[in-house]
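Written out below as structure tokens is the structure these notes cover.
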Amino acid sequence: MILENGLVRTMDPALPTARALPIAGELVAGGVGTHETALPTPDVVDLGGRCVLPAFTDSHVHFPTWSLAQRDVRLEGVTTLAEALERVRLHPRRGAWIRGTGWRSPEWDVQPTKEALDRVTGETPTALWSKDYHSLWLNSPALALAGGDLEVEGGVVERDDAGEPTGVLREEAAWQFRARFGAVGEDEWVEATREGMHIAASRGVGAIHDKDGWLGAPGIFQRVAELDGFTLRVWQSVPYERLPELEALGVRSGIGDAYLRVGYLKAFMDGTLGSQTAWMLDGSGVRITSGEELAEIVRRAARAGWPLAVHAIGDRANREALDAFEATRDEWAPRGLRQRIEHAQCLAPEDVSRFAELGVACSVQLSHAPSDRDLAERFWAGRTDGAYAFRSLWDSGALVANGSDAPVEELDPLAGIRAGVLRTIDERPPWHAEQALTVEQTLQATTVNPAWLAGDERRRGKLLPGYLADLVVLSRDPLECPPEELESIEVVATMVGGRWTHNPPPWD
């Protein structure tokens with residue numbers, strides 16, 4: 001087919017725009033920008049003046065978890081305990097558990113407790129994840145399942161003045177509870193993930209860097225592929241704790257096919273801002289992995305052929321992670337491993353330039369900056385000049401890739417692009433406007449840079465001959481749209497591998 005009568009933004013500086021895009025099978029064909037093509041009697045798609053870009057990549061998403069959360073109690077935006085309880089009370093019951101996500105309590109008038117939750121859930125076990133997925137709010141029937149066995153290294157069990165659990169678990173304590181008592185059946189994971197792929201396609205997403213490998217997501221994705229075929233491409237993480245198994249099998253980064261590849265290991269340095277467990281230079285927060293421990297992980301992973309994605313929120317966590325990559329650079333850099341730090345939310349000024357100097361990528365979430373501004377001002381007072389420092393990182397030469405961290409934020413690349421440009425999501429002025437990116441930079445962070453991180457820079461992220469025909473059709477050109485009107489842009493259609501995955505033409 002040929003897409004014509006619109007504007008094609010290739011994301012390649014040598015040929016930035018074109019008026020026609022020929023597609024043959026799964027690939028962009030020769031003759032980009034002209035109607036001269038070797039395609040025999042091609043179908044012609046009239047773009048009607050619309051804009052075509054490479055399909056978006058979400059560089060940090062917990063995809064099965066986000067998919068499942070579409071079915072759960074949603075507590076985003078709740079401002080009081082009473083409002084949260086009312087949403088739980090009204091949510092339709094489904095299955096043996098009540099599940100939910102999205103609460104953020106530091107500014108609530110009353111903090112969450114098991115007793116409060118008991119009033120609206122009765123004897124049904126209930127588990128509600130915080131917005132950052134690092135805290136879990138349980139009712140009494142759910143807590144009773146543990147029989148008092150809640151303590152775990154790297155975890156926090158909140159207790160009242162009498163020493164009794166309040167019902168809130170943080171970090172490893174929360175994750176271990178889910179693994180032991182709140183596991184979801186594979187059939188439900190598969191059904192939710194199938195639904196999630198359709199939603200992602202409707203938002204222009206053609207690829208993801210998934211972080212839910214520790215939930216067994218590769219098996220989930222394989223079942224989805226057997227049932228439906230894929231509508232997006234997955235670059236899958238594996239928890240670094242599984243490295244011995246990978247070594248024993250001789251499996252290296254990149255194994256898989258054009259739609260599902262296992263690519264990198266995931267490690268944690270600390271917790272999060274919202275749960276007040278980010279590891280900070282002032283000594284506060286929770287240290288999950290020390291710099292020395294991470295260095296050993298990086299060395300072992302490098303010898304086995306695996307890059308790392310390292311979760312680091314606080315300024316101490318980021319410094320320790322950078323120190324570990326610096327100490328081991330002679331082992332991983334010659335192997336061409338593309339290392340990355342996830343989030344990089346709070347940085348000491350002297351650490352900003354180290355990402356580019358070391359060749360460590362920043363996998364950030366542009367939408368986090370305006371969403372987290374109140375918490376950052378409260379908990380990181382005096383340090384917000386180094387928080388969400390996207391422009392400083394970009395100007396230093398660091399490779400910046402954009403994701404959503406869904407379900408922490410919504411899986412919506414256009415919303416992330418707006419947040420990166422405007423640095424606000426409400427009527428308030430931009431937060432640290434000096435850290436805003438240009439539209440072009442946000443687009444590169446959501447197309448070209450994620451493809452490089454996945455080793456796909458020669459076949460994805462641009463619309464050039466020989467590249468995969470993964471694209472999104474937008475109602476307006478983001479680069480010609482005034483910033484205040486970015487919200488008016490809509491996803492018209494999405495294509496992956498030459499197949500329409502959302503809303504095939506013709507369009508009105």
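FYI, nothing fancy with the structure tokens labels: chains A, B, ... in order, residues from 1 per chain, ligands from 1 as they appear.
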Open item on the list: Quick one: residues within 8 Å of Arg104 (chain A), only C-alpha atoms, excluding same-chain residues fewer than 2 positions away - as a VMD selection string?
Closed with: chain A and resid 76 78 102 106 to 107 130 to 131 274
Distance query Val251 (chain A) at most 9 Å, only C-alpha atoms, self and fewer than 5 positions along chain excluded, as an mmCIF file with N, CA and C atoms, in the first residue's frame:
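For reference, selection_37.cif as written:
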```cif
data_model
loop_
_atom_site.group_PDB
_atom_site.id
_atom_site.type_symbol
_atom_site.label_atom_id
_atom_site.label_comp_id
_atom_site.auth_asym_id
_atom_site.auth_seq_id
_atom_site.Cartn_x
_atom_site.Cartn_y
_atom_site.Cartn_z
ATOM 1 N N GLU A 245 19.886 -19.387 36.258
ATOM 2 C CA GLU A 245 19.183 -20.268 35.328
ATOM 3 C C GLU A 245 19.544 -19.931 33.887
ATOM 4 N N LEU A 246 19.658 -18.626 33.595
ATOM 5 C CA LEU A 246 20.025 -18.214 32.245
ATOM 6 C C LEU A 246 21.440 -18.661 31.913
ATOM 7 N N ALA A 304 27.735 -13.065 31.215
ATOM 8 C CA ALA A 304 26.696 -13.921 30.642
ATOM 9 C C ALA A 304 26.006 -13.273 29.442
ATOM 10 N N GLY A 305 26.374 -12.016 29.120
ATOM 11 C CA GLY A 305 25.812 -11.363 27.942
ATOM 12 C C GLY A 305 24.509 -10.629 28.174
#
```
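We find CA of Thr494 (chain A) and CA of Ser202 (chain A) to be spaced 7.0 Å apart.
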Task: Two-atom distance - CA of Leu128 (chain A), CA of Gln345 (chain A) (Å) - done: 24.5 Å
Open item on the list: Need the shell around region 48-53 of chain A: protein/DNA/RNA residues with any atom at most 6 Å away, counting only C-alpha atoms. Skip same-chain ones fewer than 4 positions apart. Format as a ChimeraX atom specification?
Closed with: /A:5-9,471-477
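Relative to CA of His134 (chain A), CA of Ala174 (chain A) is found at 7.0 Å.
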TODO: Fewer than 2 positions away in the same chain doesn't count, so skip those; otherwise give me all residues within 12 Å of region 455-458 of chain A, counting only C-alpha atoms, as number ranges by chain.
DONE: A: 11-12, 57, 207, 209, 233-235, 253-255, 258-259, 261-264, 307, 336-339, 447-453, 460-468
- [ ] Determine the nearest neighbour of Ser284 (chain A) from the options A:Leu249, A:Leu68, A:Ala317, A:Ala389, counting only C-alpha atoms.
- [x]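 Closest residue, counting only C-alpha atoms: A:Ala317.
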- [ ] May I ask which of the residues A:Thr277, A:Leu479, A:Ala376, A:Ser59 is the closest one to Ala309 (chain A), counting only C-alpha atoms?
- [x] A:Ser59
- [ ] Counting only C-alpha atoms, figure out which residue out of A:Leu15, A:Ala302, A:Val168, A:Ala469 gets nearest to Glu247 (chain A).
- [x] A:Ala302
Open item on the list: as a ChimeraX atom specification, please: every residue in region 317-475 of chain A that DSSP puts in alpha helix (DSSP H).
Closed with: /A:317-327,329-332,354-358,368-379,390-395,413-422,439-446,448-453
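Distances to Phe181 (chain A) were evaluated for A:Ala127, A:Ala415, A:Leu366, A:Ala162 using only C-alpha atoms, and the minimum falls at A:Ala127.
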Open item on the list: From a backbone DSSP assignment, name each residue in region 100-258 of chain A labelled strand (DSSP E or B), as a PyMOL selection string.
Closed with: chain A and resi 100-103+126-130+135-138+155-159+165-171+205-210+233-239+255-256
Open item on the list: Just want the 8 Å neighbourhood of Leu232 (chain A), counted on only C-alpha atoms, with same-chain residues fewer than 5 positions away dropped. Output as a ChimeraX atom specification.
Closed with: /A:197,201,205-208,259,496
Could those residues be written to a file, using C-alpha atoms, as a short mmCIF file (atom, residue, chain, number, x, y, z; two decimals), in the first residue's frame?
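The file below, again-v3.cif, is the result:
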```cif
data_model
loop_
_atom_site.label_atom_id
_atom_site.label_comp_id
_atom_site.auth_asym_id
_atom_site.auth_seq_id
_atom_site.Cartn_x
_atom_site.Cartn_y
_atom_site.Cartn_z
CA MET A 197 -3.00 -4.99 23.87
CA ALA A 201 -2.90 -0.12 20.05
CA VAL A 205 1.74 1.97 20.94
CA GLY A 206 3.66 -0.45 18.75
CA ALA A 207 6.26 -1.67 21.24
CA ILE A 208 6.90 -1.90 24.96
CA TYR A 259 7.49 -9.73 18.49
CA VAL A 496 2.55 -2.90 13.39
#
```
TODO: For Asp72 (chain A), please output as a PyMOL selection string all residues within 6 Å (counting only C-alpha atoms; exclusion window: fewer than 3 positions along the same chain).
DONE: chain A and resi 69+99-100
Expected file contents, prior selection, C-alpha atoms, as a PDB file, in the first residue's frame:
```
ATOM      1  CA  ALA A  69      -5.576  -2.963  36.786  1.00  0.00           C
ATOM      2  CA  ARG A  99      -8.136  -5.782  44.240  1.00  0.00           C
ATOM      3  CA  GLY A 100      -7.304  -2.190  43.488  1.00  0.00           C
TER       4      GLY A 100
END
```
Task: Which residue of A:Gly359, A:Gln111, A:Arg316, A:Ser105 approaches Gly283 (chain A) most closely, using only C-alpha atoms - done: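 Of all the options, A:Arg316 lies closest to Gly283 (chain A).
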Open item on the list: Taking only C-alpha atoms into account, name the residue in A:Gly498, A:Gly271, A:Pro141, A:Pro244 that is nearest to Gly122 (chain A).
Closed with: A:Pro141
Open item on the list: So that I can see what lies close to region 319-328 of chain A, please list as a ChimeraX atom specification the residues with an atom at most 9 Å from it, counting only C-alpha atoms and leaving out residues fewer than 3 positions away in the same chain.
Closed with: /A:269,281,290-296,298-299,310-312,314-316,331-333,339,341,347-348,351,354-355,358,360
